Structures are given as structure tokens and as C-alpha cells.
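Note sheet for the following structure.
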Amino acid sequence: MRYIGLDVHKDNITACVLSDAGKVVFEKDFKKTDGTCDCLAELFDHVGKSGFCVLMETGTYAYPPYRFFSDRGCAVDCVHAQCLKMITQTDKKTDKKDAMTIARMLRLWKRHDIDLQIAYMPTREQCELKDLCRYREEISKKIGDETRRIKSQMSRNCQVLPEGMDSFQIRRNRRYVLEKYGTDVTLSRRMKALEQLFEERDIVQKQVESCLPDDPNVKLLEHIPGVGRQTAVQLMSMIVDISRFEDSEKFCAYFGLVPRVRDSGGKEHHGRMTKNGDKMMRMLMERVTEAHVRNCDSFITDYYKRLCPQMGTKKALITTSRKMLMTVFAVLKKQQEFRTRP
């Protein structure tokens, strides 16, 4: 067995190959050509016939080499950088030394001498879906930012909207502004740019909703009040497979909806949410929870109402979002529809 450690950067990849006895067999710094990792094919000449496995750190630049090996049916894994603190904390840090350290950690992990936190690497299709869902959120953010700029400009210029027409989510209101204040060049161009954003949002929203048409998990999530078709697809684009989470606590920790814990001297303190993981999930959960407690009488709404007098609406919403995420886990894990009362 050969153990390959890769130290991956934007323009180069440093590789270190160890034998089964832990001795260095091959070392080289590969330069990427045309943005591809075809240069790594040379490694196959130094792995022998006994097989090999590959390990690298997670990161944006890890995807091309990971795809290079996985497409060829090779055993390849990515490890979270926090598990390799010896690389960042060393006094002498070089690419070759880092690759050697990764290869040694891989060898020890395969021999069951140490534990490593291996990262989940999504497929190309899963990445494409997640990118589409993320783009949908980016458009919503641009719409919100542009709406605030327009209203700020109108306020400075004393351009007043009639009562009940302050929401630009309604096309009739947007048309009213263009007709009423069409002589304002800047305002007109901003309103036209806003209209284009709304059109792009509608197109992307239809594309998102058309994804995962036969996924039973999406249908289960749609039964939760506050979760529509689009949101259900967005949630599944980040969850991917519920079976990779052992329990609801690890599920919430993965998306940063667990409190920080400080336990020292017999005293335990729970702080704010860690906010690790994907920010989009936390945004979605807050949005879903807000819609749920406003429109549904359930145990989640009761929980939110109990928390509001103690910690205020904002903190109560974040804490209730964690409970909602745990509910999502239970629905998907048990494959049962949501019930307002347990």
C-alpha cells in the first residue's frame, strides 16, 4: 500500500508518497497546466501494484485534484484543516513538509492508530444544485440592497409613495414609481435595474423548484408549515443525505446552530451560537421559523412564545430556529410527516 499526501494550492500541488513502512518513496511539486490536474498522472508510476490512497486538506482548490482521483476510481479523502494543526503550528513550514505530514497522518489513520475528521465531498451534480440555490439567495440580497437604496434616494428627494404602496415586491407599485417619477433619470434607471433583478429571481426560482422532482425528502419537508417547494430543495441541497448525521445534535452543530460551551472549574457556561458551517442554512432556518410561528399553531410556536419574554424576539427566533432544524432532522430521519403536536 502507498500513501499519498497532497498539499494543494492555487497553481501547484506538492505530493509525497510513503511506503507501507512509512518511508518516502517519491516527492514532487507539480505545476497545474491549463487549470487541470493532469500533471498528477505521474503519481501512478510510483504507487506500485499494491494499491494506494490519497489524502488532502479541504478547501476550494481541493476539488480539482479530488475529482481527478475519484473519477479514476481511486480511494481519495479530504480532511478538515483543523485536524492538522501540527501543520499550521510548526515553526518550519514548507509545502514538501506539509505533504509529508498529510501522508503520515493518512498512513496512521488507515492503520487505525488515529482518528481524523474526514470531510464530505459532494458530487458535481450536488455542487451544481447548491450553487444554483446560493445564486437564488444572492439575487434576493441584491434586491433588498437595491430597494433600500431606492427608498433612501426617494426620501432625500421628498418623493412620497401612497399608503400601502411601499412594497416593491408588488409589480404594480414598481410601475407606479416609474410613471410618477419618470423624469428622475437616476431613479428610473435604478427601478429598471430592480425590475431586471426580479425577472432573474423568478427565472432562477422556477429552475430551483424544478430540481429533485422525485425526491421523497423534498415532499416531506414541504409538509412543514413555512417550508415551500423552493425552500425544501434548498434545504436538501445542503443536507444531501441525512444518514451522514448520527443525531440531531451533530446535525445542528454542522450548520452552526449550537451554543458555545465553556466548562471549567465545575461551572458550565452556554454562550452564543457557534455559527459554523453554511450561512445559507441559518438564513433559511430563520426565514422558515419566522413564517412558521406567524402562521402555524404548533409546539414550535409555543416554544417561541415562551422564549420571547425571557430573551426578546430576535434571540428567541434564533433559538427556535435550532428547534426547527432538529424537527427537520426528525422528519427526514424517521420519514414521517410533520405534526403540529408531538
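Each chain in the C-alpha cells gets a letter, A, B, ..., in the order shown, and its residues are numbered from 1; ligands are numbered from 1 in order too.
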
Distance query stretch 315-323 of chain A at most 9 Å, only C-alpha atoms, self and fewer than 3 positions along chain excluded, as a list in words: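 Listed by chain and then number, they are Cys252, Leu257, Val258, Met273, Arg282, Met285, Glu286, Arg287, Val288, Thr289, Glu290, Ile300, Thr301, Tyr303, Tyr304, Lys305, Arg306, Leu307, Cys308, Pro309, Gln310, Met311, Gly312, Met326, Thr327 and Val328 of chain A.
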
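Within the 8 Å cut-off around stretch 45-53 of chain A, using only C-alpha atoms and omitting residues fewer than 2 positions from it on the same chain, the listed residues are Met1, Arg2, Tyr3, Ile4, Val17, Val25, Phe26, Ala41, Glu42, Leu43, Leu55, Cys74, Ala75 and Val76 of chain A.
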
Output all heavy atoms for every residue in the selection just made, as an mmCIF file, in the first residue's frame.
```cif
data_model
loop_
_atom_site.group_PDB
_atom_site.id
_atom_site.type_symbol
_atom_site.label_atom_id
_atom_site.label_comp_id
_atom_site.auth_asym_id
_atom_site.auth_seq_id
_atom_site.Cartn_x
_atom_site.Cartn_y
_atom_site.Cartn_z
ATOM 1 N N MET A 1 0.847 -1.193 0.000
ATOM 2 C CA MET A 1 0.000 0.000 0.000
ATOM 3 C C MET A 1 0.886 1.248 0.000
ATOM 4 O O MET A 1 1.862 1.328 0.731
ATOM 5 C CB MET A 1 -0.928 -0.001 1.215
ATOM 6 C CG MET A 1 -1.779 1.246 1.370
ATOM 7 S SD MET A 1 -2.964 1.501 0.039
ATOM 8 C CE MET A 1 -4.225 0.298 0.452
ATOM 9 N N ARG A 2 0.519 2.223 -0.818
ATOM 10 C CA ARG A 2 1.201 3.509 -0.853
ATOM 11 C C ARG A 2 0.257 4.578 -0.323
ATOM 12 O O ARG A 2 -0.964 4.525 -0.541
ATOM 13 C CB ARG A 2 1.623 3.854 -2.280
ATOM 14 C CG ARG A 2 2.695 2.922 -2.851
ATOM 15 C CD ARG A 2 4.043 3.197 -2.189
ATOM 16 N NE ARG A 2 5.106 2.468 -2.854
ATOM 17 C CZ ARG A 2 5.571 1.289 -2.451
ATOM 18 N NH1 ARG A 2 5.016 0.705 -1.391
ATOM 19 N NH2 ARG A 2 6.562 0.711 -3.084
ATOM 20 N N TYR A 3 0.803 5.535 0.382
ATOM 21 C CA TYR A 3 0.022 6.608 0.995
ATOM 22 C C TYR A 3 0.471 7.936 0.399
ATOM 23 O O TYR A 3 1.635 8.322 0.544
ATOM 24 C CB TYR A 3 0.198 6.601 2.509
ATOM 25 C CG TYR A 3 -0.121 5.272 3.138
ATOM 26 C CD1 TYR A 3 0.882 4.327 3.366
ATOM 27 C CD2 TYR A 3 -1.422 4.938 3.489
ATOM 28 C CE1 TYR A 3 0.595 3.101 3.933
ATOM 29 C CE2 TYR A 3 -1.723 3.708 4.055
ATOM 30 C CZ TYR A 3 -0.704 2.787 4.281
ATOM 31 O OH TYR A 3 -0.994 1.563 4.836
ATOM 32 N N ILE A 4 -0.453 8.639 -0.257
ATOM 33 C CA ILE A 4 -0.127 9.882 -0.950
ATOM 34 C C ILE A 4 -0.724 11.067 -0.193
ATOM 35 O O ILE A 4 -1.951 11.145 -0.008
ATOM 36 C CB ILE A 4 -0.650 9.878 -2.395
ATOM 37 C CG1 ILE A 4 -0.081 8.681 -3.160
ATOM 38 C CG2 ILE A 4 -0.299 11.177 -3.101
ATOM 39 C CD1 ILE A 4 -0.620 8.555 -4.571
ATOM 40 N N VAL A 17 4.736 10.558 -1.434
ATOM 41 C CA VAL A 17 4.294 9.166 -1.441
ATOM 42 C C VAL A 17 5.092 8.386 -0.409
ATOM 43 O O VAL A 17 6.326 8.395 -0.440
ATOM 44 C CB VAL A 17 4.476 8.525 -2.835
ATOM 45 C CG1 VAL A 17 3.959 7.089 -2.823
ATOM 46 C CG2 VAL A 17 3.765 9.345 -3.901
ATOM 47 N N VAL A 25 8.860 7.466 -0.697
ATOM 48 C CA VAL A 25 9.157 6.806 -1.964
ATOM 49 C C VAL A 25 9.338 7.828 -3.087
ATOM 50 O O VAL A 25 10.178 7.664 -3.975
ATOM 51 C CB VAL A 25 8.022 5.824 -2.344
ATOM 52 C CG1 VAL A 25 8.267 5.208 -3.712
ATOM 53 C CG2 VAL A 25 7.889 4.743 -1.287
ATOM 54 N N PHE A 26 8.535 8.900 -3.005
ATOM 55 C CA PHE A 26 8.544 9.884 -4.088
ATOM 56 C C PHE A 26 8.036 11.216 -3.561
ATOM 57 O O PHE A 26 7.101 11.271 -2.761
ATOM 58 C CB PHE A 26 7.665 9.395 -5.243
ATOM 59 C CG PHE A 26 7.551 10.351 -6.392
ATOM 60 C CD1 PHE A 26 8.604 10.547 -7.265
ATOM 61 C CD2 PHE A 26 6.375 11.062 -6.606
ATOM 62 C CE1 PHE A 26 8.493 11.428 -8.337
ATOM 63 C CE2 PHE A 26 6.253 11.942 -7.666
ATOM 64 C CZ PHE A 26 7.318 12.122 -8.537
ATOM 65 N N ALA A 41 -0.911 12.607 -13.068
ATOM 66 C CA ALA A 41 -0.881 11.252 -13.629
ATOM 67 C C ALA A 41 0.468 10.584 -13.397
ATOM 68 O O ALA A 41 0.564 9.348 -13.353
ATOM 69 C CB ALA A 41 -1.203 11.298 -15.120
ATOM 70 N N GLU A 42 1.516 11.382 -13.222
ATOM 71 C CA GLU A 42 2.854 10.832 -12.977
ATOM 72 C C GLU A 42 2.904 10.020 -11.688
ATOM 73 O O GLU A 42 3.739 9.112 -11.538
ATOM 74 C CB GLU A 42 3.881 11.963 -12.933
ATOM 75 C CG GLU A 42 5.319 11.487 -12.803
ATOM 76 C CD GLU A 42 6.307 12.630 -12.730
ATOM 77 O OE1 GLU A 42 5.955 13.762 -13.146
ATOM 78 O OE2 GLU A 42 7.433 12.395 -12.247
ATOM 79 N N LEU A 43 2.006 10.330 -10.754
ATOM 80 C CA LEU A 43 1.998 9.615 -9.469
ATOM 81 C C LEU A 43 1.703 8.132 -9.646
ATOM 82 O O LEU A 43 2.156 7.309 -8.849
ATOM 83 C CB LEU A 43 0.959 10.231 -8.530
ATOM 84 C CG LEU A 43 1.313 11.598 -7.916
ATOM 85 C CD1 LEU A 43 0.117 12.168 -7.168
ATOM 86 C CD2 LEU A 43 2.502 11.469 -6.971
ATOM 87 N N LEU A 55 -4.863 11.596 0.420
ATOM 88 C CA LEU A 55 -5.460 12.494 1.413
ATOM 89 C C LEU A 55 -4.976 13.907 1.166
ATOM 90 O O LEU A 55 -3.812 14.127 0.833
ATOM 91 C CB LEU A 55 -5.086 12.066 2.835
ATOM 92 C CG LEU A 55 -5.724 12.869 3.984
ATOM 93 C CD1 LEU A 55 -7.234 12.619 4.046
ATOM 94 C CD2 LEU A 55 -5.093 12.528 5.322
ATOM 95 N N CYS A 74 -10.142 5.964 -7.636
ATOM 96 C CA CYS A 74 -9.118 5.863 -6.585
ATOM 97 C C CYS A 74 -9.712 6.182 -5.223
ATOM 98 O O CYS A 74 -10.700 6.913 -5.110
ATOM 99 C CB CYS A 74 -7.958 6.812 -6.877
ATOM 100 S SG CYS A 74 -7.199 6.566 -8.494
ATOM 101 N N ALA A 75 -9.081 5.649 -4.163
ATOM 102 C CA ALA A 75 -9.503 5.938 -2.792
ATOM 103 C C ALA A 75 -8.921 7.290 -2.391
ATOM 104 O O ALA A 75 -7.722 7.424 -2.141
ATOM 105 C CB ALA A 75 -9.009 4.848 -1.851
ATOM 106 N N VAL A 76 -9.757 8.310 -2.326
ATOM 107 C CA VAL A 76 -9.299 9.666 -2.014
ATOM 108 C C VAL A 76 -10.222 10.281 -0.972
ATOM 109 O O VAL A 76 -11.438 10.095 -1.007
ATOM 110 C CB VAL A 76 -9.253 10.538 -3.294
ATOM 111 C CG1 VAL A 76 -10.609 10.558 -3.995
ATOM 112 C CG2 VAL A 76 -8.791 11.956 -2.979
#
```

Contacts of A:Lys141 within 12 Å, only C-alpha atoms, excl. fewer than 3 positions in-chain, as JSON, numbers by chain: {"A": [134, 135, 136, 137, 138, 144, 145, 146, 147, 148, 194, 197, 198, 201, 280, 283]}

DSSP strand (DSSP E) residues within stretch 178-342 of chain A, as a ChimeraX atom specification: /A:259-264,267-273

Those selected residues, please, written with C-alpha atoms and delivered as a PDB file, in the first residue's frame.
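As written to disk, part21.pdb reads:
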```pdb
ATOM      1  CA  PRO A 259     -24.345  27.273  21.630  1.00  0.00           C
ATOM      2  CA  ARG A 260     -20.721  27.677  22.609  1.00  0.00           C
ATOM      3  CA  VAL A 261     -19.969  25.738  25.795  1.00  0.00           C
ATOM      4  CA  ARG A 262     -17.326  26.664  28.368  1.00  0.00           C
ATOM      5  CA  ASP A 263     -16.927  24.099  31.140  1.00  0.00           C
ATOM      6  CA  SER A 264     -14.215  24.878  33.693  1.00  0.00           C
ATOM      7  CA  LYS A 267     -19.039  25.667  36.087  1.00  0.00           C
ATOM      8  CA  GLU A 268     -20.691  25.338  32.714  1.00  0.00           C
ATOM      9  CA  HIS A 269     -21.492  28.371  30.593  1.00  0.00           C
ATOM     10  CA  HIS A 270     -23.538  28.348  27.391  1.00  0.00           C
ATOM     11  CA  GLY A 271     -22.852  31.278  25.072  1.00  0.00           C
ATOM     12  CA  ARG A 272     -23.966  32.374  21.639  1.00  0.00           C
ATOM     13  CA  MET A 273     -24.448  30.100  18.648  1.00  0.00           C
TER      14      MET A 273
END
```

Two-atom distance - atom CA of A:Ala253, atom CA of A:Thr274 (Å):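 That distance, rounded to one decimal, is 8.0 Å.
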
From A:Val218, A:Cys158, A:Val331, A:Ile143, residue lying nearest A:Glu195 [only C-alpha atoms]: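 Checking each of A:Val218, A:Cys158, A:Val331, A:Ile143 against A:Glu195, counting only C-alpha atoms, the winner is A:Ile143.
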
Surrounding residues of A:Val79 excluding itself and chain neighbours under 3 positions, 7 Å, only C-alpha atoms, as an NGL selection string: :A and (56-58 or 116-119)

Selected residues written out, N, CA and C atoms, as a PDB file, in the first residue's frame:
```
ATOM      1  N   MET A  56      -5.893  14.860   1.333  1.00  0.00           N
ATOM      2  CA  MET A  56      -5.553  16.285   1.212  1.00  0.00           C
ATOM      3  C   MET A  56      -6.445  17.083   2.140  1.00  0.00           C
ATOM      4  N   GLU A  57      -6.107  18.342   2.346  1.00  0.00           N
ATOM      5  CA  GLU A  57      -6.929  19.221   3.177  1.00  0.00           C
ATOM      6  C   GLU A  57      -8.124  19.731   2.377  1.00  0.00           C
ATOM      7  N   THR A  58      -9.205  20.058   3.084  1.00  0.00           N
ATOM      8  CA  THR A  58     -10.370  20.641   2.416  1.00  0.00           C
ATOM      9  C   THR A  58     -10.052  22.073   1.986  1.00  0.00           C
ATOM     10  N   LEU A 116      -9.375  10.768  12.275  1.00  0.00           N
ATOM     11  CA  LEU A 116      -9.383  12.008  11.509  1.00  0.00           C
ATOM     12  C   LEU A 116     -10.820  12.384  11.177  1.00  0.00           C
ATOM     13  N   GLN A 117     -11.089  13.672  11.137  1.00  0.00           N
ATOM     14  CA  GLN A 117     -12.417  14.160  10.773  1.00  0.00           C
ATOM     15  C   GLN A 117     -12.461  14.342   9.255  1.00  0.00           C
ATOM     16  N   ILE A 118     -12.960  13.335   8.576  1.00  0.00           N
ATOM     17  CA  ILE A 118     -12.999  13.341   7.119  1.00  0.00           C
ATOM     18  C   ILE A 118     -14.190  14.168   6.637  1.00  0.00           C
ATOM     19  N   ALA A 119     -13.934  15.027   5.670  1.00  0.00           N
ATOM     20  CA  ALA A 119     -14.969  15.900   5.134  1.00  0.00           C
ATOM     21  C   ALA A 119     -15.811  15.178   4.087  1.00  0.00           C
TER      22      ALA A 119
END
```

Top pick for closest residue to A:Gln126, considering A:Met165, A:Leu212, A:Cys296, A:Cys16 and counting only C-alpha atoms: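 Looking only at the distances to A:Gln126, the closest residue turns out to be A:Leu212.
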
Counting only C-alpha atoms, the option among A:Leu220, A:Ile239, A:Leu84, A:Leu132 closest to A:Gln335: A:Leu220

d(atom CA of A:Phe69, atom CA of A:Leu108) in Å: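 For atom CA of A:Phe69 relative to atom CA of A:Leu108, the distance reads 20.8 Å.
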
Taking the chain letters and numbering used in this document, name the residues of stretch 6-124 of chain A that DSSP puts in alpha helix (DSSP H), as a PDB file with N, CA, C and O atoms, in the first residue's frame.
```pdb
ATOM      1  N   TYR A  63     -10.971  20.633  -4.798  1.00  0.00           N
ATOM      2  CA  TYR A  63     -11.943  19.959  -5.661  1.00  0.00           C
ATOM      3  C   TYR A  63     -11.329  19.387  -6.942  1.00  0.00           C
ATOM      4  O   TYR A  63     -11.606  18.227  -7.277  1.00  0.00           O
ATOM      5  N   PRO A  64     -10.504  20.144  -7.700  1.00  0.00           N
ATOM      6  CA  PRO A  64      -9.939  19.555  -8.935  1.00  0.00           C
ATOM      7  C   PRO A  64      -9.110  18.290  -8.700  1.00  0.00           C
ATOM      8  O   PRO A  64      -9.349  17.280  -9.384  1.00  0.00           O
ATOM      9  N   PRO A  65      -8.137  18.276  -7.745  1.00  0.00           N
ATOM     10  CA  PRO A  65      -7.411  17.016  -7.531  1.00  0.00           C
ATOM     11  C   PRO A  65      -8.298  15.902  -6.983  1.00  0.00           C
ATOM     12  O   PRO A  65      -8.091  14.724  -7.293  1.00  0.00           O
ATOM     13  N   TYR A  66      -9.291  16.274  -6.156  1.00  0.00           N
ATOM     14  CA  TYR A  66     -10.210  15.257  -5.640  1.00  0.00           C
ATOM     15  C   TYR A  66     -10.982  14.610  -6.796  1.00  0.00           C
ATOM     16  O   TYR A  66     -11.112  13.379  -6.864  1.00  0.00           O
ATOM     17  N   ARG A  67     -11.503  15.436  -7.717  1.00  0.00           N
ATOM     18  CA  ARG A  67     -12.217  14.896  -8.873  1.00  0.00           C
ATOM     19  C   ARG A  67     -11.280  14.058  -9.740  1.00  0.00           C
ATOM     20  O   ARG A  67     -11.699  13.041 -10.306  1.00  0.00           O
ATOM     21  N   PHE A  68     -10.017  14.479  -9.879  1.00  0.00           N
ATOM     22  CA  PHE A  68      -9.057  13.755 -10.710  1.00  0.00           C
ATOM     23  C   PHE A  68      -8.929  12.316 -10.245  1.00  0.00           C
ATOM     24  O   PHE A  68      -8.948  11.379 -11.056  1.00  0.00           O
ATOM     25  N   PHE A  69      -8.803  12.117  -8.943  1.00  0.00           N
ATOM     26  CA  PHE A  69      -8.620  10.759  -8.413  1.00  0.00           C
ATOM     27  C   PHE A  69      -9.946  10.006  -8.323  1.00  0.00           C
ATOM     28  O   PHE A  69     -10.013   8.812  -8.647  1.00  0.00           O
ATOM     29  N   SER A  70     -11.017  10.671  -7.878  1.00  0.00           N
ATOM     30  CA  SER A  70     -12.303   9.982  -7.720  1.00  0.00           C
ATOM     31  C   SER A  70     -12.859   9.526  -9.068  1.00  0.00           C
ATOM     32  O   SER A  70     -13.474   8.459  -9.157  1.00  0.00           O
ATOM     33  N   LYS A  85      -3.520  20.543  12.855  1.00  0.00           N
ATOM     34  CA  LYS A  85      -2.951  21.743  13.461  1.00  0.00           C
ATOM     35  C   LYS A  85      -1.428  21.704  13.501  1.00  0.00           C
ATOM     36  O   LYS A  85      -0.777  22.732  13.581  1.00  0.00           O
ATOM     37  N   MET A  86      -0.872  20.506  13.464  1.00  0.00           N
ATOM     38  CA  MET A  86       0.582  20.394  13.501  1.00  0.00           C
ATOM     39  C   MET A  86       1.222  21.043  12.275  1.00  0.00           C
ATOM     40  O   MET A  86       2.399  21.400  12.295  1.00  0.00           O
ATOM     41  N   ILE A  87       0.428  21.204  11.200  1.00  0.00           N
ATOM     42  CA  ILE A  87       0.952  21.857  10.004  1.00  0.00           C
ATOM     43  C   ILE A  87       1.026  23.364  10.209  1.00  0.00           C
ATOM     44  O   ILE A  87       2.036  24.006   9.910  1.00  0.00           O
ATOM     45  N   THR A  88      -0.044  23.948  10.747  1.00  0.00           N
ATOM     46  CA  THR A  88      -0.087  25.402  10.912  1.00  0.00           C
ATOM     47  C   THR A  88       0.720  25.875  12.114  1.00  0.00           C
ATOM     48  O   THR A  88       1.177  27.010  12.146  1.00  0.00           O
ATOM     49  N   ASP A  95       5.962  23.400   1.706  1.00  0.00           N
ATOM     50  CA  ASP A  95       4.974  22.578   1.003  1.00  0.00           C
ATOM     51  C   ASP A  95       5.328  21.092   1.081  1.00  0.00           C
ATOM     52  O   ASP A  95       4.455  20.243   1.286  1.00  0.00           O
ATOM     53  N   LYS A  96       6.615  20.778   0.923  1.00  0.00           N
ATOM     54  CA  LYS A  96       7.031  19.371   0.974  1.00  0.00           C
ATOM     55  C   LYS A  96       6.818  18.773   2.351  1.00  0.00           C
ATOM     56  O   LYS A  96       6.381  17.627   2.504  1.00  0.00           O
ATOM     57  N   LYS A  97       7.122  19.570   3.374  1.00  0.00           N
ATOM     58  CA  LYS A  97       6.936  19.078   4.737  1.00  0.00           C
ATOM     59  C   LYS A  97       5.453  18.885   5.054  1.00  0.00           C
ATOM     60  O   LYS A  97       5.062  17.919   5.723  1.00  0.00           O
ATOM     61  N   ASP A  98       4.625  19.805   4.556  1.00  0.00           N
ATOM     62  CA  ASP A  98       3.180  19.688   4.776  1.00  0.00           C
ATOM     63  C   ASP A  98       2.626  18.438   4.093  1.00  0.00           C
ATOM     64  O   ASP A  98       1.809  17.703   4.664  1.00  0.00           O
ATOM     65  N   ALA A  99       3.060  18.185   2.849  1.00  0.00           N
ATOM     66  CA  ALA A  99       2.604  16.999   2.124  1.00  0.00           C
ATOM     67  C   ALA A  99       3.036  15.725   2.838  1.00  0.00           C
ATOM     68  O   ALA A  99       2.272  14.752   2.922  1.00  0.00           O
ATOM     69  N   MET A 100       4.257  15.739   3.389  1.00  0.00           N
ATOM     70  CA  MET A 100       4.749  14.569   4.118  1.00  0.00           C
ATOM     71  C   MET A 100       3.935  14.336   5.390  1.00  0.00           C
ATOM     72  O   MET A 100       3.597  13.192   5.723  1.00  0.00           O
ATOM     73  N   THR A 101       3.599  15.426   6.081  1.00  0.00           N
ATOM     74  CA  THR A 101       2.787  15.307   7.301  1.00  0.00           C
ATOM     75  C   THR A 101       1.413  14.726   6.984  1.00  0.00           C
ATOM     76  O   THR A 101       0.909  13.861   7.702  1.00  0.00           O
ATOM     77  N   ILE A 102       0.796  15.187   5.894  1.00  0.00           N
ATOM     78  CA  ILE A 102      -0.521  14.676   5.491  1.00  0.00           C
ATOM     79  C   ILE A 102      -0.429  13.197   5.143  1.00  0.00           C
ATOM     80  O   ILE A 102      -1.294  12.391   5.524  1.00  0.00           O
ATOM     81  N   ALA A 103       0.649  12.808   4.441  1.00  0.00           N
ATOM     82  CA  ALA A 103       0.833  11.396   4.081  1.00  0.00           C
ATOM     83  C   ALA A 103       1.010  10.533   5.331  1.00  0.00           C
ATOM     84  O   ALA A 103       0.470   9.422   5.413  1.00  0.00           O
ATOM     85  N   ARG A 104       1.746  11.031   6.303  1.00  0.00           N
ATOM     86  CA  ARG A 104       1.947  10.277   7.546  1.00  0.00           C
ATOM     87  C   ARG A 104       0.641  10.146   8.328  1.00  0.00           C
ATOM     88  O   ARG A 104       0.351   9.086   8.894  1.00  0.00           O
ATOM     89  N   MET A 105      -0.153  11.220   8.352  1.00  0.00           N
ATOM     90  CA  MET A 105      -1.449  11.153   9.028  1.00  0.00           C
ATOM     91  C   MET A 105      -2.370  10.157   8.327  1.00  0.00           C
ATOM     92  O   MET A 105      -3.109   9.418   8.980  1.00  0.00           O
ATOM     93  N   LEU A 106      -2.314  10.125   6.996  1.00  0.00           N
ATOM     94  CA  LEU A 106      -3.112   9.182   6.231  1.00  0.00           C
ATOM     95  C   LEU A 106      -2.726   7.741   6.577  1.00  0.00           C
ATOM     96  O   LEU A 106      -3.598   6.885   6.786  1.00  0.00           O
ATOM     97  N   ARG A 107      -1.437   7.489   6.649  1.00  0.00           N
ATOM     98  CA  ARG A 107      -0.961   6.137   6.966  1.00  0.00           C
ATOM     99  C   ARG A 107      -1.419   5.707   8.358  1.00  0.00           C
ATOM    100  O   ARG A 107      -1.905   4.589   8.549  1.00  0.00           O
ATOM    101  N   LEU A 108      -1.315   6.599   9.329  1.00  0.00           N
ATOM    102  CA  LEU A 108      -1.738   6.273  10.698  1.00  0.00           C
ATOM    103  C   LEU A 108      -3.251   6.073  10.776  1.00  0.00           C
ATOM    104  O   LEU A 108      -3.735   5.201  11.498  1.00  0.00           O
ATOM    105  N   TRP A 109      -3.989   6.875  10.003  1.00  0.00           N
ATOM    106  CA  TRP A 109      -5.451   6.762  10.009  1.00  0.00           C
ATOM    107  C   TRP A 109      -5.895   5.433   9.399  1.00  0.00           C
ATOM    108  O   TRP A 109      -6.796   4.767   9.921  1.00  0.00           O
ATOM    109  N   LYS A 110      -5.267   5.053   8.292  1.00  0.00           N
ATOM    110  CA  LYS A 110      -5.618   3.790   7.643  1.00  0.00           C
ATOM    111  C   LYS A 110      -5.250   2.587   8.511  1.00  0.00           C
ATOM    112  O   LYS A 110      -5.887   1.532   8.422  1.00  0.00           O
ATOM    113  N   ARG A 124     -20.528  16.343  -8.436  1.00  0.00           N
ATOM    114  CA  ARG A 124     -20.665  17.509  -9.311  1.00  0.00           C
ATOM    115  C   ARG A 124     -22.118  17.989  -9.366  1.00  0.00           C
ATOM    116  O   ARG A 124     -22.392  19.193  -9.326  1.00  0.00           O
TER     117      ARG A 124
END
```

Pick from A:Asp302, A:Asp131, A:Glu199, A:Asp297, whichever lies nearest to A:Ser237 using only C-alpha atoms: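 Closest residue, counting only C-alpha atoms: A:Asp131.
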